[in-house]
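Participant: My structure is in final-v4.cif, and what it holds is mmCIF, C-alpha atoms:
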data_target
#
loop_
_atom_site.label_atom_id
_atom_site.label_comp_id
_atom_site.auth_asym_id
_atom_site.auth_seq_id
_atom_site.Cartn_x
_atom_site.Cartn_y
_atom_site.Cartn_z
CA MET A 17 8.06 5.48 23.32
CA THR A 18 11.29 3.91 22.08
CA LEU A 19 11.50 0.19 22.77
CA PRO A 20 14.83 -1.26 23.96
CA PRO A 21 16.58 -3.30 21.27
CA SER A 22 16.57 -6.32 23.59
CA VAL A 23 12.77 -6.19 23.70
CA GLU A 24 12.44 -5.91 19.93
CA ARG A 25 14.70 -8.91 19.38
CA ARG A 26 13.31 -11.16 22.11
CA ASP A 27 11.96 -14.56 21.05
CA GLY A 28 8.19 -14.61 21.03
CA ILE A 29 7.82 -10.89 20.30
CA GLU A 30 7.36 -9.92 16.68
CA PRO A 31 9.25 -6.77 15.64
CA TYR A 32 7.33 -3.79 14.32
CA ARG A 33 7.31 -3.55 10.52
CA LEU A 34 5.98 -0.94 8.09
CA ASP A 35 5.30 -2.10 4.53
CA LEU A 36 4.71 -0.03 1.43
CA PHE A 37 2.29 -1.42 -1.17
CA LEU A 38 2.26 -0.14 -4.76
CA SER A 39 -0.46 -1.12 -7.23
CA VAL A 40 -0.67 -0.50 -10.99
CA ASP A 41 -3.61 -1.50 -13.16
CA ILE A 42 -4.58 -1.22 -16.83
CA VAL A 43 -7.53 1.09 -17.58
CA GLY A 44 -9.79 0.03 -20.45
CA SER A 45 -8.43 -3.49 -20.77
CA THR A 46 -11.81 -5.24 -20.59
CA ALA A 47 -13.30 -3.20 -23.44
CA TYR A 48 -10.09 -3.66 -25.43
CA LYS A 49 -10.20 -7.44 -25.03
CA PHE A 50 -13.79 -7.64 -26.22
CA SER A 51 -13.03 -5.38 -29.17
CA GLN A 52 -10.62 -7.97 -30.56
CA ASP A 53 -11.70 -10.62 -33.06
CA VAL A 54 -10.39 -13.40 -30.81
CA ALA A 55 -12.91 -12.35 -28.16
CA THR A 56 -15.93 -12.37 -30.45
CA ARG A 57 -14.88 -15.46 -32.42
CA PRO A 58 -13.39 -17.92 -29.89
CA ASP A 59 -13.48 -20.71 -32.47
CA GLN A 60 -10.71 -18.86 -34.33
CA LEU A 61 -8.47 -18.42 -31.28
CA PRO A 62 -4.91 -18.93 -32.54
CA SER A 63 -2.39 -21.18 -30.91
CA PRO A 64 0.19 -19.47 -28.64
CA GLU A 65 2.78 -19.92 -31.38
CA GLY A 66 0.55 -18.11 -33.86
CA LEU A 67 -0.24 -15.00 -31.83
CA ASP A 68 0.60 -11.83 -33.71
CA GLN A 69 1.61 -8.59 -32.04
CA THR A 70 -1.78 -6.88 -32.42
CA THR A 71 -3.83 -9.12 -30.10
CA TRP A 72 -4.79 -8.16 -26.56
CA PHE A 73 -2.63 -11.07 -25.35
CA HIS A 74 0.44 -9.26 -26.56
CA ALA A 75 -0.67 -5.90 -25.14
CA ILE A 76 -1.20 -7.29 -21.64
CA GLY A 77 2.00 -9.30 -21.84
CA LYS A 78 3.99 -6.20 -22.81
CA PHE A 79 2.47 -4.33 -19.85
CA TYR A 80 3.64 -7.02 -17.43
CA GLU A 81 7.06 -7.33 -19.00
CA HIS A 82 7.87 -3.66 -19.52
CA PHE A 83 6.53 -2.35 -16.23
CA HIS A 84 8.21 -5.03 -14.11
CA ARG A 85 11.55 -4.64 -15.86
CA ARG A 86 11.42 -0.83 -15.71
CA PHE A 87 10.44 -0.61 -12.03
CA MET A 88 12.67 -3.39 -10.73
CA SER A 89 15.72 -2.07 -12.61
CA ASP A 90 15.43 1.27 -10.80
CA GLY A 91 18.38 1.73 -8.46
CA GLU A 92 16.03 2.49 -5.56
CA ALA A 93 13.98 -0.71 -5.95
CA ALA A 94 16.23 -2.90 -3.78
CA GLY A 95 14.07 -4.91 -1.40
CA VAL A 96 10.95 -4.58 -3.55
CA ALA A 97 9.09 -7.77 -4.46
CA LEU A 98 6.10 -8.49 -6.67
CA TRP A 99 3.44 -9.60 -4.20
CA LYS A 100 0.49 -10.35 -6.47
CA ALA A 101 -0.54 -10.33 -10.11
CA LEU A 102 -4.33 -9.96 -10.14
CA GLY A 103 -5.56 -10.12 -13.72
CA ASP A 104 -4.45 -6.79 -15.20
CA GLU A 105 -3.09 -5.49 -11.88
CA LEU A 106 0.39 -5.81 -10.36
CA VAL A 107 0.93 -5.21 -6.63
CA TYR A 108 4.44 -4.70 -5.22
CA ARG A 109 5.60 -4.67 -1.61
CA ALA A 110 8.64 -3.32 0.24
CA VAL A 111 9.59 -2.87 3.89
CA ILE A 112 10.29 0.84 4.49
CA ARG A 113 12.54 2.36 7.14
CA ASP A 114 12.80 6.09 6.43
CA ARG A 115 11.20 8.91 4.48
CA ALA A 116 13.92 9.23 1.86
CA GLN A 117 13.69 5.54 0.93
CA THR A 118 9.89 5.74 0.78
CA ALA A 119 9.91 8.83 -1.45
CA ALA A 120 12.47 7.25 -3.80
CA LEU A 121 10.39 4.07 -4.16
CA VAL A 122 7.20 6.00 -4.90
CA ALA A 123 9.01 8.26 -7.38
CA GLY A 124 10.52 5.24 -9.17
CA PHE A 125 7.14 3.54 -9.30
CA ALA A 126 5.46 6.68 -10.67
CA GLY A 127 8.14 6.96 -13.35
CA ALA A 128 7.56 3.35 -14.39
CA VAL A 129 3.81 4.03 -14.66
CA GLN A 130 4.39 7.05 -16.91
CA GLU A 131 6.86 5.25 -19.14
CA THR A 132 4.83 2.04 -19.48
CA ARG A 133 1.74 4.11 -20.27
CA GLU A 134 3.35 4.97 -23.60
CA VAL A 135 3.92 1.27 -24.31
CA VAL A 136 0.32 0.15 -23.77
CA GLN A 137 -1.06 3.14 -25.68
CA GLY A 138 1.00 1.98 -28.65
CA PHE A 139 -1.57 -0.83 -28.95
CA SER A 140 -4.64 1.35 -28.42
CA ARG A 141 -5.29 4.92 -27.28
CA THR A 142 -8.14 3.51 -25.19
CA LEU A 143 -5.63 1.78 -22.89
CA ASP A 144 -3.99 3.56 -19.98
CA LEU A 145 -2.60 2.90 -16.50
CA LYS A 146 -3.78 3.91 -13.04
CA ALA A 147 -1.97 3.51 -9.73
CA CYS A 148 -2.46 3.47 -5.98
CA ALA A 149 -0.13 3.25 -2.95
CA TRP A 150 -0.53 2.78 0.78
CA VAL A 151 1.31 1.67 3.91
CA ALA A 152 0.39 -1.02 6.45
CA ASP A 153 1.97 -1.63 9.86
CA PHE A 154 2.50 -5.10 11.36
CA PRO A 155 2.01 -7.19 13.51
CA VAL A 156 -0.82 -5.65 15.57
CA ARG A 157 -3.18 -3.68 13.35
CA ASN A 158 -2.45 -5.83 10.30
CA VAL A 159 -1.19 -9.40 10.19
CA THR A 160 0.83 -11.66 7.91
CA ILE A 161 -0.74 -15.00 7.07
CA SER A 162 1.51 -17.87 5.98
CA ILE A 163 -0.38 -20.67 4.29
CA ASP A 164 1.04 -23.98 5.54
CA GLY A 165 2.33 -26.22 2.80
CA LEU A 166 1.59 -23.76 0.02
CA ARG A 167 4.72 -22.59 -1.77
CA SER A 168 5.43 -20.73 -5.00
CA GLY A 169 8.83 -20.67 -6.66
CA GLY A 170 10.28 -22.39 -3.60
CA ARG A 171 8.99 -19.66 -1.25
CA GLN A 172 6.27 -19.83 1.39
CA VAL A 173 3.08 -18.14 0.16
CA GLU A 174 2.10 -15.20 2.37
CA ASP A 175 -0.92 -12.96 2.47
CA PHE A 176 -1.48 -9.70 4.34
CA ILE A 177 -4.80 -8.81 5.90
CA GLY A 178 -6.08 -6.01 8.08
CA PRO A 179 -7.78 -2.63 7.97
CA SER A 180 -4.87 -0.87 6.25
CA MET A 181 -4.98 -3.42 3.43
CA ASP A 182 -8.73 -2.86 3.05
CA VAL A 183 -8.16 0.90 2.79
CA GLY A 184 -5.51 0.47 0.10
CA PHE A 185 -7.60 -1.72 -2.17
CA ARG A 186 -10.67 0.47 -1.68
CA LEU A 187 -8.69 3.58 -2.68
CA GLY A 188 -7.71 1.93 -5.95
CA ALA A 189 -11.29 2.35 -7.18
CA PHE A 190 -10.80 6.14 -7.24
CA ALA A 191 -7.51 6.11 -9.16
CA THR A 192 -7.37 7.53 -12.69
CA ARG A 193 -4.71 8.14 -15.32
CA ARG A 194 -3.89 11.40 -13.57
CA LYS A 195 -4.55 10.52 -9.93
CA MET A 196 -2.34 8.04 -8.08
CA MET A 197 -4.32 7.59 -4.88
CA VAL A 198 -2.31 7.46 -1.62
CA SER A 199 -3.34 6.64 1.93
CA VAL A 200 -3.30 9.39 4.57
CA GLU A 201 -0.26 7.93 6.33
CA LEU A 202 1.72 7.67 3.10
CA ALA A 203 0.77 11.21 2.09
CA LEU A 204 2.11 12.44 5.43
CA ILE A 205 5.37 10.51 5.03
CA LEU A 206 5.94 11.88 1.53
CA ALA A 207 4.96 15.46 2.38
CA THR A 208 7.32 15.60 5.37
CA GLY A 209 10.22 13.79 3.69
CA ASP A 210 13.74 15.05 3.11
CA HIS A 211 13.29 15.72 -0.57
CA GLY A 212 16.27 14.28 -2.35
CA GLU A 213 16.65 13.79 -6.07
CA GLY A 214 13.34 12.74 -7.59
CA ALA A 215 11.46 12.89 -4.30
CA GLY A 216 10.60 16.58 -4.58
CA SER A 217 8.66 16.16 -7.81
CA PHE A 218 5.39 15.05 -6.20
CA THR A 219 2.39 17.25 -6.90
CA PHE A 220 -0.41 16.54 -4.43
CA GLY A 221 -4.12 16.82 -5.08
CA TYR A 222 -7.23 16.40 -2.94
CA ASP A 223 -10.79 15.65 -4.01
CA ARG A 224 -12.98 15.12 -0.97
CA ARG A 225 -13.74 12.65 1.78
CA GLU A 226 -15.56 9.53 0.65
CA SER A 227 -17.16 6.65 2.53
CA LEU A 228 -15.28 3.44 1.71
CA LYS A 229 -17.24 0.23 2.23
CA GLY A 230 -16.49 -1.16 5.70
CA VAL A 231 -13.67 1.32 6.40
CA LEU A 232 -13.81 3.43 9.58
CA GLY A 233 -17.31 2.16 10.24
CA GLY A 234 -18.54 4.06 7.21
CA ASP A 235 -16.94 7.40 8.13
CA ALA A 236 -15.60 9.37 5.17
CA TYR A 237 -11.93 8.83 4.21
CA PRO A 238 -9.79 11.49 2.47
CA LEU A 239 -9.06 11.07 -1.23
CA ILE A 240 -5.49 12.36 -1.54
CA TRP A 241 -3.53 11.78 -4.73
CA ILE A 242 -0.26 12.38 -6.54
CA ASP A 243 -0.49 13.90 -10.02
CA LEU A 244 0.92 11.50 -12.64
CA GLU A 245 -0.20 13.42 -15.73
CA ASN A 246 2.77 13.77 -18.09
CA ASP A 247 1.07 14.88 -21.30
CA ARG A 248 1.99 18.55 -21.68
CA ASP A 249 -1.24 19.56 -23.39
CA GLN A 250 -3.36 17.85 -20.77
CA MET A 251 -1.27 19.37 -17.98
CA GLU A 252 -2.03 22.82 -19.38
CA VAL A 253 -5.74 21.96 -19.56
CA ASN A 254 -5.63 20.90 -15.90
CA ARG A 255 -3.95 24.17 -14.88
CA CYS A 256 -6.48 26.25 -16.81
CA GLU A 257 -9.38 24.31 -15.36
CA ALA A 258 -8.10 24.86 -11.82
CA ARG A 259 -7.91 28.63 -12.42
CA LEU A 260 -11.39 28.59 -13.94
CA GLN A 261 -12.73 26.94 -10.80
CA GLY A 262 -10.88 29.35 -8.54
CA ARG A 263 -8.64 26.76 -6.94
CA ARG A 264 -4.96 25.90 -6.86
CA ALA A 265 -3.63 23.43 -9.40
CA ASP A 266 -1.63 21.73 -6.64
CA LEU A 267 -1.50 21.64 -2.85
CA SER A 268 1.32 22.94 -0.69
CA ARG A 269 3.20 20.33 1.29
CA ALA A 270 2.54 22.27 4.48
CA ASP A 271 -1.23 22.06 3.89
CA VAL A 272 -1.02 18.30 3.21
CA VAL A 273 0.97 17.76 6.42
CA GLU A 274 -1.39 19.87 8.52
CA PHE A 275 -4.50 18.12 7.18
CA CYS A 276 -3.10 14.59 7.57
CA ARG A 277 -1.99 15.23 11.16
CA ALA A 278 -5.37 16.72 12.07
CA TYR A 279 -7.32 13.90 10.41
CA MET A 280 -5.26 11.18 12.09
CA ALA A 281 -5.56 12.84 15.50
CA ALA A 282 -9.36 12.99 15.11
CA THR A 283 -9.70 9.35 13.94
CA PRO A 284 -9.39 6.78 16.79
CA TRP A 285 -8.54 3.92 14.44
CA MET A 286 -5.46 5.65 13.02
CA GLU A 287 -1.95 5.83 14.49
CA MET A 288 1.27 7.46 13.36
CA PRO A 289 3.44 4.88 11.57
CA HIS A 290 6.97 4.23 12.79
CA LEU A 291 10.02 4.59 10.53
CA GLY A 292 12.90 2.98 12.39
CA GLN A 293 15.67 5.05 10.80
CA ASP A 294 13.96 8.43 11.23
CA GLY A 295 15.23 9.43 14.66
CA ALA A 296 12.94 12.41 15.22
CA GLY A 297 9.60 13.87 14.20
CA ASP A 298 6.24 12.25 13.57
CA PHE A 299 7.57 8.76 12.86
CA ALA A 300 10.26 8.32 15.55
CA ASP A 301 8.29 6.18 18.01
CA PRO A 302 6.36 2.93 17.60
CA PRO A 303 2.59 3.45 17.87
CA PRO A 304 0.77 2.87 21.20
CA SER A 305 -0.85 -0.37 20.01
CA TYR A 306 2.58 -1.93 19.46
CA GLY A 307 3.76 -0.79 22.89
CA ARG A 308 0.72 -2.49 24.47
CA TYR A 309 1.43 -5.63 22.46
CA VAL A 310 5.06 -5.75 23.64
CA ARG A 311 4.16 -5.20 27.30
CA LYS A 312 1.43 -7.84 27.20
CA ARG A 313 3.64 -10.39 25.43
CA GLN A 314 6.62 -9.73 27.65
CA ALA A 315 4.55 -10.06 30.81
CA ARG A 316 3.27 -13.40 29.61
CA LEU A 317 6.73 -14.63 28.61
CA ASP A 318 8.09 -13.61 32.02
CA GLN A 319 5.28 -15.53 33.74
CA GLU A 320 6.02 -18.62 31.71
CA ALA A 321 9.74 -18.35 32.42
CA GLU A 322 9.04 -18.09 36.16
CA ARG A 323 6.75 -21.07 36.05
CA LEU A 324 9.37 -23.17 34.26
CA ALA A 325 12.02 -22.06 36.71
CA ARG A 326 9.85 -23.29 39.61
CA ARG A 327 9.16 -26.47 37.64
CA ASP A 328 5.52 -25.65 38.00
CA THR A 329 3.67 -27.78 35.48
CA ARG A 330 0.14 -26.79 36.37
CA PRO A 331 -1.83 -25.22 33.47
CA PRO A 332 -2.17 -21.44 33.64
CA GLY A 333 -5.16 -20.22 35.62
CA PRO A 334 -6.98 -16.90 35.75
CA GLU A 335 -4.46 -15.60 38.24
CA ASP A 336 -1.72 -15.93 35.61
CA GLY A 337 -3.18 -13.07 33.54
CA PRO A 338 -3.81 -13.05 29.81
CA SER A 339 -2.42 -15.87 27.71
CA ALA A 340 0.25 -15.41 25.06
CA SER A 341 -2.33 -16.03 22.35
CA ASP A 342 -4.57 -13.08 23.30
CA ASP A 343 -6.22 -11.40 20.36
CA LEU A 344 -3.97 -8.39 19.95
CA LEU A 345 -6.55 -6.58 17.86
CA GLY A 346 -8.43 -6.12 21.11
CA ASP A 347 -6.33 -3.00 21.57
CA MET A 348 -8.07 -1.41 18.59
CA PRO A 349 -11.43 0.39 18.67
CA VAL A 350 -14.38 -1.94 18.09
CA PRO A 351 -15.54 -1.52 14.46
CA SER A 352 -19.06 -0.45 13.67
CA PRO A 353 -21.54 -3.33 13.43
CA ASP A 354 -22.49 -1.92 10.02
CA GLY A 355 -18.90 -2.43 8.80
CA ASP A 356 -19.05 -4.71 5.76
CA ALA A 357 -22.79 -5.03 5.56
#
Could you write out this file's structure as structure tokens?

Facilitator:
Amino acid sequence: MTLPPSVERRDGIEPYRLDLFLSVDIVGSTAYKFSQDVATRPDQLPSPEGLDQTTWFHAIGKFYEHFHRRFMSDGEAAGVALWKALGDELVYRAVIRDRAQTAALVAGFAGAVQETREVVQGFSRTLDLKACAWVADFPVRNVTISIDGLRSGGRQVEDFIGPSMDVGFRLGAFATRRKMMVSVELALILATGDHGEGAGSFTFGYDRRESLKGVLGGDAYPLIWIDLENDRDQMEVNRCEARLQGRRADLSRADVVEFCRAYMAATPWMEMPHLGQDGAGDFADPPPSYGRYVRKRQARLDQEAERLARRDTRPPGPEDGPSASDDLLGDMPVPSPDGDA
């Protein structure tokens, strides 16, 4: 279903939006911090001016500085913003509109992970980076929360909540140096993309389906990943191990596409995302939940316009239908009562 532009732009109806989230985290940072003298002897903690370049402060600072500069300087990173810095983790966000843009952003992010890995390992071989990426659609299945009066750097502070966000952060627990975990929807977008420069370098892997706390009512979720290993010796070990176990070292794109489509079709909670500039294929139309949202909102707006035109000031009654503030998540399947128990 393609929505008329006039409907998408109408006041009171939020436009559909698909966001890409990219997370990078330091592996081994806690052990590294506690291995330093400043952690075991806090009475000898130096002043900021006296920090030398061997302390964990400097290692973490270089991670922030180098990764952010490397990723944001990539020519494809236009429109990307740092959403959150959570301890040793950085989370970026971008609105995506087509497969080529999405693939370029993920490829640039993966390249920044691989390059910055060398920087942090210059401090200690016990340090490494892991990454995760997912997509979330708004405004029905996930929502944007603006915190009134709370601003940072002159900008309104926003948060994003919803089931897709829960999936993304849960997947991060399965990421490793080698495995950049990706959500099912993102895997499908990348595997069906028009593979331009850099975008065709993804090597997909699959582990199993795993129950993620509170996600899908406890049903198992696929662990799909992109291979970020760039050490040649370790890459050869991985290839040999795959042959030893009688499996392929990587997955074909066709197999990834087929599996993701089948899994999404069999999972009531999931819907195909919409990429506004992809005019055909899986992502051409907005999902059914957004169509229901638009029809419900437009019906209510039309009722209110009629009432104002008649100068009818009575409060809306049951005969007026659902109010404009209906809980739009009512269009989604009811989650299991065991959800986040």

Participant: Could you tell me which of A:Val43, A:Val156, A:Ala93, A:Ala101 comes closest to Pro302 in chain A if we count only C-alpha atoms?

Facilitator: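 Closest to Pro302 in chain A, using only C-alpha atoms: A:Val156.
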
Participant: To one decimal in Å, tell me the separation between CA of Glu105 in chain A and CA of Val183 in chain A.

Facilitator: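 Interatomic distance here is 16.8 Å.
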
Participant: Between A:Ser199, A:Gln261, A:Gln117, A:Ser89, which is the closest to Met280 in chain A once you count all atoms listed in the file?

Facilitator: A:Ser199

Participant: Kindly indicate which residue among A:Ala75, A:Ala116, A:Leu206, A:Leu291 lies nearest to Val136 in chain A, using all atoms listed in the file for the distances.

Facilitator: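 Among the listed residues, the smallest separation from Val136 in chain A belongs to A:Ala75.
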
Participant: Might you pull out every residue within 7 Å of range 215-226 of chain A, with only C-alpha atoms counted and same-chain residues fewer than 4 positions away left off, and present them as a PyMOL selection string?

Facilitator: chain A and resi 119-120+123+211+236-243+266-267

Participant: May I ask for the distance between CA of Asp301 in chain A and CA of Arg186 in chain A, given in Å to one decimal place?

Facilitator: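 About the pair CA of Asp301 in chain A and CA of Arg186 in chain A: they are 27.9 Å apart.
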
Participant: If the PyMOL selection byres ((chain A and resi 28-42) around 7) is run on the structure shown, which residues does it catch, given as a VMD selection string?

Facilitator: chain A and resid 24 to 27 43 to 45 104 to 112 143 to 155 310 313

Participant: What is the CA of Arg269 in chain A to CA of Thr208 in chain A distance in Å?

Facilitator: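 Taking CA of Arg269 in chain A and CA of Thr208 in chain A, their separation equals 7.5 Å.
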
Participant: Need the shell around Arg86 in chain A: protein/DNA/RNA residues with any atom at most 9 Å away, counting all atoms listed in the file. Skip same-chain ones fewer than 4 positions apart. Format as a ChimeraX atom specification?

Facilitator: /A:81-82,90,124-125,127-128,131-132

Participant: Selected residues, C-alpha atoms, written as an mmCIF file, in the coordinates of the input, please.

Facilitator:
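Full text of out.cif as output:
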data_model
loop_
_atom_site.group_PDB
_atom_site.id
_atom_site.type_symbol
_atom_site.label_atom_id
_atom_site.label_comp_id
_atom_site.auth_asym_id
_atom_site.auth_seq_id
_atom_site.Cartn_x
_atom_site.Cartn_y
_atom_site.Cartn_z
ATOM 1 C CA GLU A 81 7.060 -7.330 -19.000
ATOM 2 C CA HIS A 82 7.870 -3.660 -19.520
ATOM 3 C CA ASP A 90 15.430 1.270 -10.800
ATOM 4 C CA GLY A 124 10.520 5.240 -9.170
ATOM 5 C CA PHE A 125 7.140 3.540 -9.300
ATOM 6 C CA GLY A 127 8.140 6.960 -13.350
ATOM 7 C CA ALA A 128 7.560 3.350 -14.390
ATOM 8 C CA GLU A 131 6.860 5.250 -19.140
ATOM 9 C CA THR A 132 4.830 2.040 -19.480
#

Participant: Tell me which of A:Ile177, A:Asn158, A:Tyr306, A:Leu121 sits closest to Met88 in chain A, counting all atoms listed in the file.

Facilitator: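 Of the candidates, the smallest distance to Met88 in chain A is held by A:Leu121.
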
Participant: Can you give me, as number ranges by chain, the residues this file yields under the PyMOL selection byres ((chain A and resi 174) around 7)?

Facilitator: A: 160-163, 172-173, 175-176

Participant: Emit a file covering range 105-146 of chain A of the preceding structure with C-alpha atoms, as a tab-separated table (two decimals), in the first residue's frame.

Facilitator:
chain	number	residue	atom	x	y	z
A	105	GLU	CA	29.89	1.87	24.21
A	106	LEU	CA	29.02	4.33	21.44
A	107	VAL	CA	25.62	4.14	19.70
A	108	TYR	CA	25.00	6.00	16.42
A	109	ARG	CA	21.74	6.65	14.61
A	110	ALA	CA	20.76	7.56	11.04
A	111	VAL	CA	17.50	7.75	9.11
A	112	ILE	CA	17.74	5.37	6.14
A	113	ARG	CA	15.87	5.62	2.84
A	114	ASP	CA	17.29	2.97	0.51
A	115	ARG	CA	19.40	-0.17	0.45
A	116	ALA	CA	22.50	1.40	-1.08
A	117	GLN	CA	22.67	4.08	1.63
A	118	THR	CA	22.15	1.47	4.35
A	119	ALA	CA	24.87	-0.82	2.99
A	120	ALA	CA	27.32	2.09	2.69
A	121	LEU	CA	26.70	3.16	6.30
A	122	VAL	CA	27.18	-0.36	7.65
A	123	ALA	CA	30.33	-0.85	5.55
A	124	GLY	CA	31.78	2.46	6.78
A	125	PHE	CA	30.97	1.57	10.37
A	126	ALA	CA	32.56	-1.88	10.01
A	127	GLY	CA	35.69	-0.29	8.55
A	128	ALA	CA	35.91	2.09	11.50
A	129	VAL	CA	35.61	-0.84	13.91
A	130	GLN	CA	38.44	-2.73	12.19
A	131	GLU	CA	40.73	0.30	12.07
A	132	THR	CA	40.09	1.43	15.66
A	133	ARG	CA	40.66	-2.13	16.85
A	134	GLU	CA	44.33	-1.67	16.00
A	135	VAL	CA	44.44	1.53	18.06
A	136	VAL	CA	43.05	0.03	21.28
A	137	GLN	CA	45.19	-3.09	20.94
A	138	GLY	CA	48.22	-0.81	20.91
A	139	PHE	CA	47.52	-0.33	24.63
A	140	SER	CA	46.84	-3.99	25.40
A	141	ARG	CA	46.28	-7.15	23.37
A	142	THR	CA	43.47	-7.97	25.81
A	143	LEU	CA	41.40	-5.08	24.43
A	144	ASP	CA	39.23	-5.43	21.36
A	145	LEU	CA	35.99	-4.10	19.83
A	146	LYS	CA	32.62	-5.71	19.18
